[in-house]
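Reproduced below: input38.pdb, with PDB, C-alpha atoms.
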ATOM      1  CA  MET S   1      14.053 -32.010  -2.397
ATOM      2  CA  THR S   2      15.665 -33.583  -5.473
ATOM      3  CA  LEU S   3      16.888 -31.647  -8.486
ATOM      4  CA  SER S   4      13.929 -32.889 -10.495
ATOM      5  CA  GLY S   5      11.620 -31.680  -7.719
ATOM      6  CA  LEU S   6      13.278 -28.262  -7.740
ATOM      7  CA  GLY S   7      12.923 -28.122 -11.499
ATOM      8  CA  GLU S   8       9.238 -28.981 -11.289
ATOM      9  CA  ALA S   9       8.702 -26.339  -8.575
ATOM     10  CA  TYR S  10      10.442 -23.760 -10.736
ATOM     11  CA  ARG S  11       8.327 -24.635 -13.780
ATOM     12  CA  LEU S  12       5.176 -24.337 -11.671
ATOM     13  CA  TYR S  13       5.962 -21.237  -9.589
ATOM     14  CA  GLY S  14       8.919 -19.565 -11.256
ATOM     15  CA  PRO S  15       7.117 -17.549 -13.973
ATOM     16  CA  GLY S  16       4.640 -16.023 -11.516
ATOM     17  CA  VAL S  17       7.288 -15.248  -8.874
ATOM     18  CA  ILE S  18       9.490 -13.606 -11.498
ATOM     19  CA  ALA S  19       6.548 -11.602 -12.870
ATOM     20  CA  SER S  20       5.740 -10.361  -9.346
ATOM     21  CA  ALA S  21       9.390  -9.425  -8.776
ATOM     22  CA  ILE S  22       9.521  -7.469 -12.050
ATOM     23  CA  VAL S  23       6.407  -5.496 -11.096
ATOM     24  CA  ALA S  24       7.928  -4.887  -7.652
ATOM     25  CA  ALA S  25      11.155  -3.613  -9.247
ATOM     26  CA  ALA S  26       9.196  -1.235 -11.471
ATOM     27  CA  ALA S  27       7.231   0.017  -8.459
ATOM     28  CA  THR S  28      10.457   0.578  -6.494
ATOM     29  CA  PHE S  29      11.919   2.571  -9.386
ATOM     30  CA  LEU S  30       8.835   4.805  -9.571
ATOM     31  CA  SER S  31       8.807   5.229  -5.799
ATOM     32  CA  GLU S  32      12.463   6.249  -5.617
ATOM     33  CA  HIS S  33      12.290   8.664  -8.541
ATOM     34  CA  TYR S  34       8.867  10.228  -7.964
ATOM     35  CA  GLN S  35       8.503   9.957  -4.141
ATOM     36  CA  ALA S  36       5.369   7.842  -4.457
ATOM     37  CA  PRO S  37       4.415   5.140  -1.894
ATOM     38  CA  VAL S  38       6.061   1.940  -3.113
ATOM     39  CA  MET S  39       3.215  -0.293  -1.897
ATOM     40  CA  LEU S  40       0.649   1.794  -3.745
ATOM     41  CA  MET S  41       2.760   1.753  -6.924
ATOM     42  CA  ALA S  42       3.137  -2.037  -6.700
ATOM     43  CA  LEU S  43      -0.595  -2.447  -6.222
ATOM     44  CA  LEU S  44      -1.535  -0.232  -9.165
ATOM     45  CA  LEU S  45       1.054  -1.761 -11.508
ATOM     46  CA  GLY S  46      -0.067  -5.231 -10.463
ATOM     47  CA  MET S  47      -3.677  -4.382 -11.265
ATOM     48  CA  ALA S  48      -2.556  -3.064 -14.659
ATOM     49  CA  VAL S  49      -1.160  -6.497 -15.573
ATOM     50  CA  GLY S  50      -3.961  -8.475 -13.952
ATOM     51  CA  PHE S  51      -4.246 -10.714 -17.020
ATOM     52  CA  LEU S  52      -1.158 -12.534 -15.702
ATOM     53  CA  ALA S  53      -3.309 -14.042 -12.932
ATOM     54  CA  ASP S  54      -5.969 -15.396 -15.310
ATOM     55  CA  ALA S  55      -6.887 -19.045 -14.801
ATOM     56  CA  ASP S  56      -5.180 -20.210 -18.012
ATOM     57  CA  SER S  57      -1.969 -18.219 -17.438
ATOM     58  CA  ARG S  58       1.396 -19.914 -16.764
ATOM     59  CA  THR S  59       2.084 -17.286 -14.109
ATOM     60  CA  LYS S  60      -1.047 -17.900 -12.013
ATOM     61  CA  ALA S  61       0.430 -20.493  -9.622
ATOM     62  CA  GLY S  62       3.529 -18.389  -8.951
ATOM     63  CA  ILE S  63       1.443 -15.287  -8.334
ATOM     64  CA  GLU S  64      -0.653 -17.237  -5.800
ATOM     65  CA  PHE S  65       2.569 -18.501  -4.169
ATOM     66  CA  THR S  66       3.970 -14.967  -3.926
ATOM     67  CA  ALA S  67       0.761 -13.511  -2.504
ATOM     68  CA  ARG S  68       0.643 -16.193   0.199
ATOM     69  CA  HIS S  69       4.047 -17.654   1.094
ATOM     70  CA  ILE S  70       6.499 -14.942   0.088
ATOM     71  CA  LEU S  71       4.238 -12.501   1.935
ATOM     72  CA  ARG S  72       4.678 -14.493   5.163
ATOM     73  CA  PHE S  73       8.438 -14.706   4.658
ATOM     74  CA  GLY S  74       8.623 -10.931   4.260
ATOM     75  CA  VAL S  75       6.595 -10.345   7.426
ATOM     76  CA  ALA S  76       8.895 -12.679   9.393
ATOM     77  CA  LEU S  77      11.950 -10.721   8.248
ATOM     78  CA  LEU S  78      10.457  -7.542   9.728
ATOM     79  CA  GLY S  79      11.735  -8.859  13.055
ATOM     80  CA  LEU S  80      15.251  -7.902  12.003
ATOM     81  CA  ARG S  81      14.255  -4.227  12.198
ATOM     82  CA  ILE S  82      13.709  -4.373  15.947
ATOM     83  CA  THR S  83      15.959  -4.678  19.003
ATOM     84  CA  LEU S  84      15.022  -4.598  22.677
ATOM     85  CA  GLU S  85      17.670  -1.915  23.187
ATOM     86  CA  GLN S  86      15.875   0.427  20.780
ATOM     87  CA  ILE S  87      12.615   0.008  22.645
ATOM     88  CA  LEU S  88      14.076   0.470  26.142
ATOM     89  CA  ALA S  89      16.137   3.513  25.098
ATOM     90  CA  LEU S  90      13.049   5.742  25.091
ATOM     91  CA  GLY S  91      11.816   4.550  28.484
ATOM     92  CA  TRP S  92       8.477   3.128  29.576
ATOM     93  CA  SER S  93       6.318   6.162  28.865
ATOM     94  CA  PRO S  94       6.389   5.967  25.030
ATOM     95  CA  LEU S  95       6.087   2.189  25.253
ATOM     96  CA  LEU S  96       2.880   2.487  27.276
ATOM     97  CA  MET S  97       1.621   5.074  24.785
ATOM     98  CA  VAL S  98       2.263   2.728  21.865
ATOM     99  CA  VAL S  99       0.555  -0.233  23.537
ATOM    100  CA  GLY S 100      -2.414   1.857  24.643
ATOM    101  CA  SER S 101      -2.903   3.649  21.322
ATOM    102  CA  VAL S 102      -2.622   0.454  19.277
ATOM    103  CA  VAL S 103      -5.050  -1.489  21.471
ATOM    104  CA  LEU S 104      -7.604   1.323  21.689
ATOM    105  CA  THR S 105      -7.404   2.123  17.970
ATOM    106  CA  ILE S 106      -8.010  -1.492  16.972
ATOM    107  CA  LEU S 107     -10.837  -2.025  19.473
ATOM    108  CA  LEU S 108     -12.597   1.169  18.460
ATOM    109  CA  SER S 109     -12.014   0.361  14.784
ATOM    110  CA  VAL S 110     -13.791  -2.969  15.213
ATOM    111  CA  LEU S 111     -16.722  -1.177  16.875
ATOM    112  CA  LEU S 112     -16.802   1.483  14.146
ATOM    113  CA  ALA S 113     -16.691  -1.200  11.457
ATOM    114  CA  ARG S 114     -19.731  -2.887  12.969
ATOM    115  CA  LEU S 115     -21.546   0.472  13.094
ATOM    116  CA  PHE S 116     -20.716   1.001   9.424
ATOM    117  CA  GLY S 117     -22.101  -2.437   8.582
ATOM    118  CA  PHE S 118     -18.775  -4.243   8.057
ATOM    119  CA  THR S 119     -17.461  -7.421   9.666
ATOM    120  CA  TRP S 120     -15.189  -7.404  12.723
ATOM    121  CA  MET S 121     -12.430  -8.772  10.465
ATOM    122  CA  PHE S 122     -12.527  -5.690   8.251
ATOM    123  CA  GLY S 123     -12.376  -3.457  11.333
ATOM    124  CA  MET S 124      -9.389  -5.388  12.658
ATOM    125  CA  LEU S 125      -7.678  -5.236   9.278
ATOM    126  CA  THR S 126      -8.095  -1.477   8.802
ATOM    127  CA  GLY S 127      -7.539  -0.724  12.487
ATOM    128  CA  GLY S 128      -4.388  -2.828  12.602
ATOM    129  CA  ALA S 129      -3.038  -1.204   9.440
ATOM    130  CA  THR S 130      -3.727   2.257  10.880
ATOM    131  CA  ALA S 131      -2.410   1.521  14.363
ATOM    132  CA  ILE S 132       0.678  -0.585  13.619
ATOM    133  CA  CYS S 133       2.597  -0.202  10.360
ATOM    134  CA  GLY S 134       0.364   0.496   7.411
ATOM    135  CA  ALA S 135       0.421  -1.826   4.415
ATOM    136  CA  SER S 136       2.824  -4.296   6.075
ATOM    137  CA  ALA S 137       0.424  -4.772   9.003
ATOM    138  CA  ALA S 138      -2.519  -5.146   6.628
ATOM    139  CA  LEU S 139      -0.697  -7.925   4.793
ATOM    140  CA  ALA S 140       0.390  -9.644   8.030
ATOM    141  CA  LEU S 141      -3.081  -9.524   9.562
ATOM    142  CA  SER S 142      -4.666 -10.688   6.326
ATOM    143  CA  ALA S 143      -2.391 -13.733   6.416
ATOM    144  CA  ALA S 144      -3.533 -14.535   9.978
ATOM    145  CA  LEU S 145      -7.274 -13.969   9.493
ATOM    146  CA  PRO S 146      -9.581 -16.710   8.160
ATOM    147  CA  ALA S 147      -9.881 -17.050   4.410
ATOM    148  CA  ASN S 148     -13.095 -15.960   2.740
ATOM    149  CA  GLU S 149     -14.121 -14.775  -0.686
ATOM    150  CA  ARG S 150     -13.918 -11.064   0.244
ATOM    151  CA  LYS S 151     -10.699 -11.058   2.289
ATOM    152  CA  GLU S 152      -8.392 -10.245  -0.618
ATOM    153  CA  GLN S 153     -10.652  -7.407  -1.734
ATOM    154  CA  ALA S 154     -10.660  -6.022   1.811
ATOM    155  CA  THR S 155      -6.869  -6.368   2.010
ATOM    156  CA  LEU S 156      -6.339  -4.560  -1.276
ATOM    157  CA  PHE S 157      -8.672  -1.750  -0.295
ATOM    158  CA  THR S 158      -6.917  -1.400   3.064
ATOM    159  CA  VAL S 159      -3.504  -1.206   1.399
ATOM    160  CA  ILE S 160      -4.733   1.479  -1.006
ATOM    161  CA  GLY S 161      -6.368   3.503   1.765
ATOM    162  CA  VAL S 162      -3.570   3.282   4.294
ATOM    163  CA  SER S 163      -0.899   4.075   1.670
ATOM    164  CA  ALA S 164      -2.757   7.192   0.550
ATOM    165  CA  LEU S 165      -3.400   8.316   4.142
ATOM    166  CA  SER S 166       0.224   7.669   5.094
ATOM    167  CA  THR S 167       1.446   9.884   2.268
ATOM    168  CA  LEU S 168      -0.907  12.684   3.348
ATOM    169  CA  ALA S 169       0.240  12.210   6.944
ATOM    170  CA  MET S 170       3.900  12.531   5.944
ATOM    171  CA  ILE S 171       3.082  15.930   4.446
ATOM    172  CA  LEU S 172       0.612  17.244   7.014
ATOM    173  CA  TYR S 173       1.732  15.869  10.382
ATOM    174  CA  PRO S 174       5.043  17.795  10.635
ATOM    175  CA  THR S 175       2.974  20.980  10.264
ATOM    176  CA  ILE S 176       0.674  19.781  13.056
ATOM    177  CA  ALA S 177       3.700  19.035  15.263
ATOM    178  CA  ARG S 178       5.046  22.560  14.705
ATOM    179  CA  SER S 179       1.653  24.175  15.330
ATOM    180  CA  LEU S 180       1.416  22.306  18.653
ATOM    181  CA  GLY S 181       4.825  23.673  19.673
ATOM    182  CA  LEU S 182       6.296  20.215  20.268
ATOM    183  CA  ASP S 183      10.002  19.936  21.063
ATOM    184  CA  PRO S 184      12.119  17.600  18.845
ATOM    185  CA  ALA S 185      11.666  14.528  21.080
ATOM    186  CA  ALA S 186       7.915  15.048  21.482
ATOM    187  CA  ALA S 187       7.557  15.702  17.744
ATOM    188  CA  GLY S 188       9.332  12.399  17.086
ATOM    189  CA  ILE S 189       6.942  10.583  19.433
ATOM    190  CA  PHE S 190       3.987  12.214  17.687
ATOM    191  CA  LEU S 191       5.170  11.354  14.162
ATOM    192  CA  GLY S 192       6.306   7.843  15.070
ATOM    193  CA  GLY S 193       3.089   7.181  16.935
ATOM    194  CA  THR S 194       0.675   8.347  14.233
ATOM    195  CA  ILE S 195       2.040   7.962  10.676
ATOM    196  CA  HIS S 196       1.163   4.591   9.179
ATOM    197  CA  ASP S 197       4.137   3.306   7.150
ATOM    198  CA  VAL S 198       7.776   3.136   8.272
ATOM    199  CA  ALA S 199       9.128   4.903   5.180
ATOM    200  CA  GLN S 200       6.789   7.878   5.646
ATOM    201  CA  VAL S 201       7.717   8.093   9.342
ATOM    202  CA  VAL S 202      11.382   8.307   8.391
ATOM    203  CA  GLY S 203      10.672  10.927   5.730
ATOM    204  CA  ALA S 204       8.561  13.121   8.006
ATOM    205  CA  GLY S 205      10.824  12.703  11.048
ATOM    206  CA  TYR S 206      14.123  13.599   9.435
ATOM    207  CA  SER S 207      12.512  16.511   7.616
ATOM    208  CA  MET S 208      12.186  18.071  11.081
ATOM    209  CA  GLY S 209      15.725  17.235  12.205
ATOM    210  CA  PRO S 210      17.944  14.296  13.241
ATOM    211  CA  GLU S 211      16.675  14.054  16.845
ATOM    212  CA  THR S 212      13.068  14.028  15.714
ATOM    213  CA  GLY S 213      13.866  11.479  13.008
ATOM    214  CA  ASP S 214      15.703   9.123  15.377
ATOM    215  CA  THR S 215      12.919   9.285  17.989
ATOM    216  CA  ALA S 216      10.171   8.852  15.384
ATOM    217  CA  THR S 217      11.884   5.785  13.905
ATOM    218  CA  VAL S 218      12.272   4.033  17.280
ATOM    219  CA  VAL S 219       8.665   4.773  18.287
ATOM    220  CA  LYS S 220       7.542   3.433  14.928
ATOM    221  CA  LEU S 221       9.530   0.236  15.463
ATOM    222  CA  MET S 222       7.737  -0.174  18.806
ATOM    223  CA  ARG S 223       4.478  -0.116  16.859
ATOM    224  CA  VAL S 224       5.870  -2.702  14.421
ATOM    225  CA  ALA S 225       6.631  -4.950  17.426
ATOM    226  CA  MET S 226       2.915  -4.861  18.277
ATOM    227  CA  LEU S 227       2.310  -7.024  15.193
ATOM    228  CA  VAL S 228       2.938 -10.193  17.187
ATOM    229  CA  PRO S 229       0.367  -9.760  19.992
ATOM    230  CA  VAL S 230      -2.198  -8.433  17.510
ATOM    231  CA  ILE S 231      -1.667 -11.416  15.195
ATOM    232  CA  PHE S 232      -1.997 -13.687  18.239
ATOM    233  CA  CYS S 233      -5.349 -12.075  19.065
ATOM    234  CA  ALA S 234      -6.442 -12.396  15.430
ATOM    235  CA  ALA S 235      -5.567 -16.107  15.549
ATOM    236  CA  LEU S 236      -7.609 -16.532  18.756
ATOM    237  CA  LEU S 237     -10.606 -14.840  17.163
ATOM    238  CA  THR S 238     -10.170 -16.979  14.060
ATOM    239  CA  ARG S 239     -10.228 -20.148  16.147
ATOM    240  CA  ALA S 240     -13.308 -18.925  18.016
ATOM    241  CA  SER S 241     -15.145 -18.262  14.743
ATOM    242  CA  ARG S 242     -14.531 -21.770  13.382
ATOM    243  CA  THR S 243     -15.870 -25.188  14.235
ATOM    244  CA  ALA S 244     -14.081 -27.224  16.892
ATOM    245  CA  GLY S 245     -12.348 -29.431  14.316
ATOM    246  CA  ASP S 246     -11.111 -26.498  12.253
ATOM    247  CA  ALA S 247     -10.027 -24.585  15.367
ATOM    248  CA  GLN S 248      -7.719 -27.417  16.425
ATOM    249  CA  LYS S 249      -5.939 -27.154  13.084
ATOM    250  CA  THR S 250      -5.401 -23.405  13.449
ATOM    251  CA  PRO S 251      -2.175 -22.496  15.340
ATOM    252  CA  LEU S 252      -2.520 -19.855  18.046
ATOM    253  CA  LEU S 253       0.485 -18.079  16.586
ATOM    254  CA  PRO S 254       1.230 -18.536  12.856
ATOM    255  CA  GLY S 255       4.702 -19.713  11.893
ATOM    256  CA  PHE S 256       5.667 -16.389  10.358
ATOM    257  CA  ALA S 257       4.814 -14.593  13.615
ATOM    258  CA  VAL S 258       6.988 -17.045  15.595
ATOM    259  CA  ALA S 259       9.816 -16.399  13.126
ATOM    260  CA  PHE S 260       9.282 -12.636  13.584
ATOM    261  CA  VAL S 261       9.772 -12.996  17.371
ATOM    262  CA  LEU S 262      12.824 -15.248  17.014
ATOM    263  CA  LEU S 263      14.524 -12.915  14.539
ATOM    264  CA  ALA S 264      13.832  -9.909  16.771
ATOM    265  CA  ALA S 265      15.324 -11.811  19.727
ATOM    266  CA  VAL S 266      18.428 -12.797  17.766
ATOM    267  CA  ASN S 267      18.808  -9.226  16.502
ATOM    268  CA  SER S 268      18.541  -7.957  20.098
ATOM    269  CA  SER S 269      21.310 -10.300  21.230
ATOM    270  CA  GLY S 270      23.991  -8.414  19.305
ATOM    271  CA  TRP S 271      25.319 -11.594  17.747
ATOM    272  CA  LEU S 272      24.514 -10.563  14.194
ATOM    273  CA  PRO S 273      26.947  -8.476  12.137
ATOM    274  CA  PRO S 274      25.458  -5.002  11.445
ATOM    275  CA  ALA S 275      25.101  -5.699   7.718
ATOM    276  CA  LEU S 276      22.841  -8.727   8.246
ATOM    277  CA  PRO S 277      19.801  -6.945   9.802
ATOM    278  CA  GLU S 278      20.051  -4.308   7.074
ATOM    279  CA  LEU S 279      20.126  -7.027   4.417
ATOM    280  CA  GLY S 280      17.166  -8.766   6.054
ATOM    281  CA  SER S 281      15.194  -5.508   6.165
ATOM    282  CA  ASP S 282      15.876  -4.908   2.465
ATOM    283  CA  LEU S 283      14.878  -8.472   1.607
ATOM    284  CA  SER S 284      11.706  -8.064   3.668
ATOM    285  CA  LYS S 285      10.792  -4.998   1.625
ATOM    286  CA  VAL S 286      11.381  -6.880  -1.635
ATOM    287  CA  CYS S 287       9.157  -9.739  -0.472
ATOM    288  CA  LEU S 288       6.344  -7.467   0.731
ATOM    289  CA  VAL S 289       6.379  -5.305  -2.405
ATOM    290  CA  SER S 290       6.347  -8.450  -4.564
ATOM    291  CA  ALA S 291       3.447  -9.827  -2.513
ATOM    292  CA  ILE S 292       1.360  -6.680  -2.896
ATOM    293  CA  ALA S 293       2.128  -6.691  -6.634
ATOM    294  CA  ALA S 294       0.828 -10.265  -6.768
ATOM    295  CA  LEU S 295      -2.293  -9.286  -4.836
ATOM    296  CA  GLY S 296      -2.798  -6.447  -7.300
ATOM    297  CA  MET S 297      -2.650  -8.900 -10.188
ATOM    298  CA  LYS S 298      -5.334 -11.018  -8.514
ATOM    299  CA  THR S 299      -7.833  -8.209  -8.061
ATOM    300  CA  ARG S 300     -10.048  -6.293 -10.442
ATOM    301  CA  LEU S 301     -10.655  -2.561 -10.279
ATOM    302  CA  GLN S 302     -14.409  -2.886 -10.618
ATOM    303  CA  GLU S 303     -14.469  -4.976  -7.429
ATOM    304  CA  LEU S 304     -12.867  -2.126  -5.474
ATOM    305  CA  VAL S 305     -15.114   0.524  -7.013
ATOM    306  CA  ARG S 306     -18.153  -1.308  -5.652
ATOM    307  CA  VAL S 307     -16.906  -0.813  -2.075
ATOM    308  CA  GLY S 308     -18.098   2.821  -1.934
ATOM    309  CA  LEU S 309     -17.225   5.665   0.427
ATOM    310  CA  ARG S 310     -17.943   4.063   3.793
ATOM    311  CA  PRO S 311     -14.601   2.224   4.090
ATOM    312  CA  ILE S 312     -12.755   5.441   3.208
ATOM    313  CA  LEU S 313     -14.605   7.314   5.940
ATOM    314  CA  LEU S 314     -13.858   4.462   8.364
ATOM    315  CA  MET S 315     -10.109   4.672   7.742
ATOM    316  CA  VAL S 316     -10.088   8.476   8.000
ATOM    317  CA  LEU S 317     -11.858   8.225  11.362
ATOM    318  CA  GLU S 318      -9.365   5.594  12.527
ATOM    319  CA  SER S 319      -6.447   7.836  11.586
ATOM    320  CA  ALA S 320      -8.023  10.825  13.355
ATOM    321  CA  LEU S 321      -8.640   8.663  16.416
ATOM    322  CA  LEU S 322      -4.980   7.612  16.542
ATOM    323  CA  VAL S 323      -3.841  11.246  16.261
ATOM    324  CA  GLY S 324      -6.178  12.248  19.084
ATOM    325  CA  LEU S 325      -4.902   9.447  21.340
ATOM    326  CA  VAL S 326      -1.232  10.345  20.798
ATOM    327  CA  ILE S 327      -1.791  14.085  21.279
ATOM    328  CA  GLY S 328      -3.751  13.321  24.437
ATOM    329  CA  PHE S 329      -0.844  11.241  25.729
ATOM    330  CA  LEU S 330       1.667  13.989  24.990
ATOM    331  CA  ARG S 331      -0.487  16.584  26.753
ATOM    332  CA  PHE S 332      -1.062  14.309  29.747
ATOM    333  CA  SER S 333       2.625  13.387  30.114
ATOM    334  CA  SER S 334       4.032  16.907  29.685
TER     335      SER S 334
END
Would you mind writing the file out in C-alpha cells?
Amino acid sequence: MTLSGLGEAYRLYGPGVIASAIVAAAATFLSEHYQAPVMLMALLLGMAVGFLADADSRTKAGIEFTARHILRFGVALLGLRITLEQILALGWSPLLMVVGSVVLTILLSVLLARLFGFTWMFGMLTGGATAICGASAALALSAALPANERKEQATLFTVIGVSALSTLAMILYPTIARSLGLDPAAAGIFLGGTIHDVAQVVGAGYSMGPETGDTATVVKLMRVAMLVPVIFCAALLTRASRTAGDAQKTPLLPGFAVAFVLLAAVNSSGWLPPALPELGSDLSKVCLVSAIAALGMKTRLQELVRVGLRPILLMVLESALLVGLVIGFLRFSS
C-alpha cells in the first residue's frame, strides 16, 4: 500500500479505531482499580458514547472496522496463550473432561435455546461463551456465524450475561469447591472447568492457593483451545444454512481461526522468547476490549431491554449445567 493509501485508510478508519481504544483504556482503568469485569466495563462505556457510531459521524467507519477486523486479530492472538506442553502436563483425564463438558454444554444449550423459542445460533453463541471462555468465545463465535440483523444484539447480550455470571462465579465457586471438600488439584480442575472468563479463573484459583491457581489456569487454557473445533462446527452449520453459491464462498475454517492454530503451534515449539507470548496475550486483550467497546457503541440500550428474562434464564441454566457436568466428572474419576 502506498503512503497516500495509508493516509486515506487512516482518515477513514483512524478516528473510530482511536475512539474505541480510548474507551478500552478507560474500561481497563476501571477494571484494575475497582475489580470490575473489563469486558463489561468496555461494553457499558461504549454504549454510553453510542453517538460516535451514528451514521453521520466521522468515527463510524473505524468503529465498524474495530468491531469486525480488530476483533478477529485479537481472537487469533489468543493462540499465544496455549502450548501443547501445558495441556499434556495434566494428563488425559482433564482433557477428556474439557472436551466432553464443552461439547455437551453447547449441544444442550442449542436444544434449550430452541425450547425457549430462540434460534440455534443464539444457543450456540451463549453455550459457547459459557462452555469455552466467556466474552472472548462469544466474540469469536459471533465472527464465525452468519450475519443477520439480530446477531450483534445477541452478541452484546451474551457478553453482558456471561461477564456478570463469570464475576458471580469467581466469588461463589471457591466456596462450592471448599464445601465439596476438593483437594487443591481437584479444586483447580473445578474452577478452571466451570468459570467463564480467563481473568476470573485466575482470580478464583489463586485465591485458594498457588497449586489450585496453576491447575485452574491450565484447565481453562484447554477450554480456550476448544475455540477452534467449535468455530469449525459453526462454519459448517453456516455453510449448511446458506444457498449452494453462498456456501462455496464461506471457508470451513475462518482465517482468524487458522491463525489461532498456527500461533498455538509456534508457541508450543519453544522457539519464541518468553516475552513474546506475553506481549501477544496483552495485545490480544487490548484488541478484544477495543472490539467490545466498538460493539457497545453500535448498540442501543432499548434494544437489549426488549430481550426480556428468557435469555438470562437460558444462560443461568447453561452455567448450572456446566457445573453439574464438571462435578460429575470429579466424582466419577475420584
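With only C-alpha atoms as the atoms that count, the residue of S:Ser281, S:Ser207, S:Asn267, S:Ser20 with the shortest distance to Ile70 (chain S) is S:Ser20.
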Worksheet item: So, counting all atoms listed in the file, which residue among S:Met226, S:Val23, S:Ile189, S:Val110 is closest to Pro94 (chain S)?
Response: S:Ile189
Worksheet item: Taking into account all atoms listed in the file, which residue in the set S:Ala164, S:Met39, S:Leu115, S:Leu322 is nearest to Gly192 (chain S)?
Response: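 Residue with the minimum atom-to-atom distance to Gly192 (chain S): S:Leu322.
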Practice prompt. Give me the result of the PyMOL selection byres ((chain S and resi 88-90) around 10) on this file, residue by residue, as a PyMOL selection string.
Written response: chain S and resi 83-87+91-95+185+189+215+218-219+222
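Interatomic distance, CA of His196 (chain S) to CA of Gly134 (chain S): 4.5 Å.
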Emit as AutoDock Vina command-line options the padded axis-aligned box for all listed atoms of region 95-100 of chain S, 3 Å per side, with centre and edge lengths in Å to one decimal.
--center_x 1.8 --center_y 2.4 --center_z 24.6 --size_x 14.5 --size_y 11.3 --size_z 11.4
Worksheet item: Smallest atom-to-atom distance to Gly100 (chain S): which of S:Val49, S:Ala265, S:Ile171, S:Ile132, using only C-alpha atoms?
Response: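 Between S:Val49, S:Ala265, S:Ile171, S:Ile132, the residue approaching Gly100 (chain S) most closely is S:Ile132.
One distance worth recording is that between CA of Leu45 (chain S) and CA of Gln200 (chain S), which is 20.5 Å.
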Fill in: Counting all atoms listed in the file, the option among S:Leu295, S:Ala67, S:Leu80, S:Ala27 closest to Val266 (chain S)
S:Leu80
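Coordinates place CA of Phe65 (chain S) at a distance of 25.8 Å from CA of Pro229 (chain S).
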Worksheet item: Exactly which residues make up the result of the PyMOL selection byres ((chain S and resi 175) around 12) on this file, given as an MDAnalysis selection string?
Response: chainID S and resid 168:174 176:182 187 190:191 204:205 207:208
Practice prompt. Evaluate the PyMOL selection byres ((chain S and resi 133) around 7) and record the selected residues as JSON, numbers by chain, following the chain and residue labels used in the document.
Written response: {"S": [129, 130, 131, 132, 134, 135, 136, 137, 196, 197, 198, 223, 224]}
When you look at Trp120 (chain S) with a cut-off of 10 Å (counting all atoms listed in the file), what residues show up, excluding the ones that are within fewer than 6 positions of it in the same chain? I need them as a PDB file with C-alpha atoms, in the coordinates of the input.
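Saved as selection.pdb:
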ATOM      1  CA  LEU S 107     -10.837  -2.025  19.473  1.00  0.00           C
ATOM      2  CA  SER S 109     -12.014   0.361  14.784  1.00  0.00           C
ATOM      3  CA  VAL S 110     -13.791  -2.969  15.213  1.00  0.00           C
ATOM      4  CA  LEU S 111     -16.722  -1.177  16.875  1.00  0.00           C
ATOM      5  CA  LEU S 112     -16.802   1.483  14.146  1.00  0.00           C
ATOM      6  CA  ALA S 113     -16.691  -1.200  11.457  1.00  0.00           C
ATOM      7  CA  ARG S 114     -19.731  -2.887  12.969  1.00  0.00           C
ATOM      8  CA  LEU S 237     -10.606 -14.840  17.163  1.00  0.00           C
TER       9      LEU S 237
END
Give me region 280-292 of chain S with N, CA and C atoms filled in, as a compact mmCIF listing (two decimals), in the frame of the given file.
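Ended up saving to part-v6.txt:
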# COMPACT_ATOMS: atom_id res chain seq x y z
N GLY S 280 18.47 -8.15 5.79
CA GLY S 280 17.17 -8.77 6.05
C GLY S 280 16.02 -7.78 5.88
N SER S 281 16.23 -6.53 6.32
CA SER S 281 15.19 -5.51 6.16
C SER S 281 14.94 -5.21 4.69
N ASP S 282 16.03 -5.15 3.90
CA ASP S 282 15.88 -4.91 2.46
C ASP S 282 15.16 -6.08 1.78
N LEU S 283 15.52 -7.29 2.19
CA LEU S 283 14.88 -8.47 1.61
C LEU S 283 13.40 -8.53 1.99
N SER S 284 13.10 -8.13 3.23
CA SER S 284 11.71 -8.06 3.67
C SER S 284 10.91 -7.12 2.78
N LYS S 285 11.49 -5.97 2.47
CA LYS S 285 10.79 -5.00 1.62
C LYS S 285 10.54 -5.58 0.24
N VAL S 286 11.54 -6.26 -0.32
CA VAL S 286 11.38 -6.88 -1.64
C VAL S 286 10.24 -7.89 -1.62
N CYS S 287 10.21 -8.71 -0.57
CA CYS S 287 9.16 -9.74 -0.47
C CYS S 287 7.77 -9.11 -0.34
N LEU S 288 7.65 -8.08 0.51
CA LEU S 288 6.34 -7.47 0.73
C LEU S 288 5.86 -6.71 -0.51
N VAL S 289 6.77 -6.02 -1.19
CA VAL S 289 6.38 -5.30 -2.40
C VAL S 289 5.98 -6.30 -3.49
N SER S 290 6.71 -7.41 -3.59
CA SER S 290 6.35 -8.45 -4.56
C SER S 290 4.98 -9.05 -4.23
N ALA S 291 4.73 -9.24 -2.93
CA ALA S 291 3.45 -9.83 -2.51
C ALA S 291 2.29 -8.90 -2.84
N ILE S 292 2.46 -7.60 -2.61
CA ILE S 292 1.36 -6.68 -2.90
C ILE S 292 1.18 -6.54 -4.41
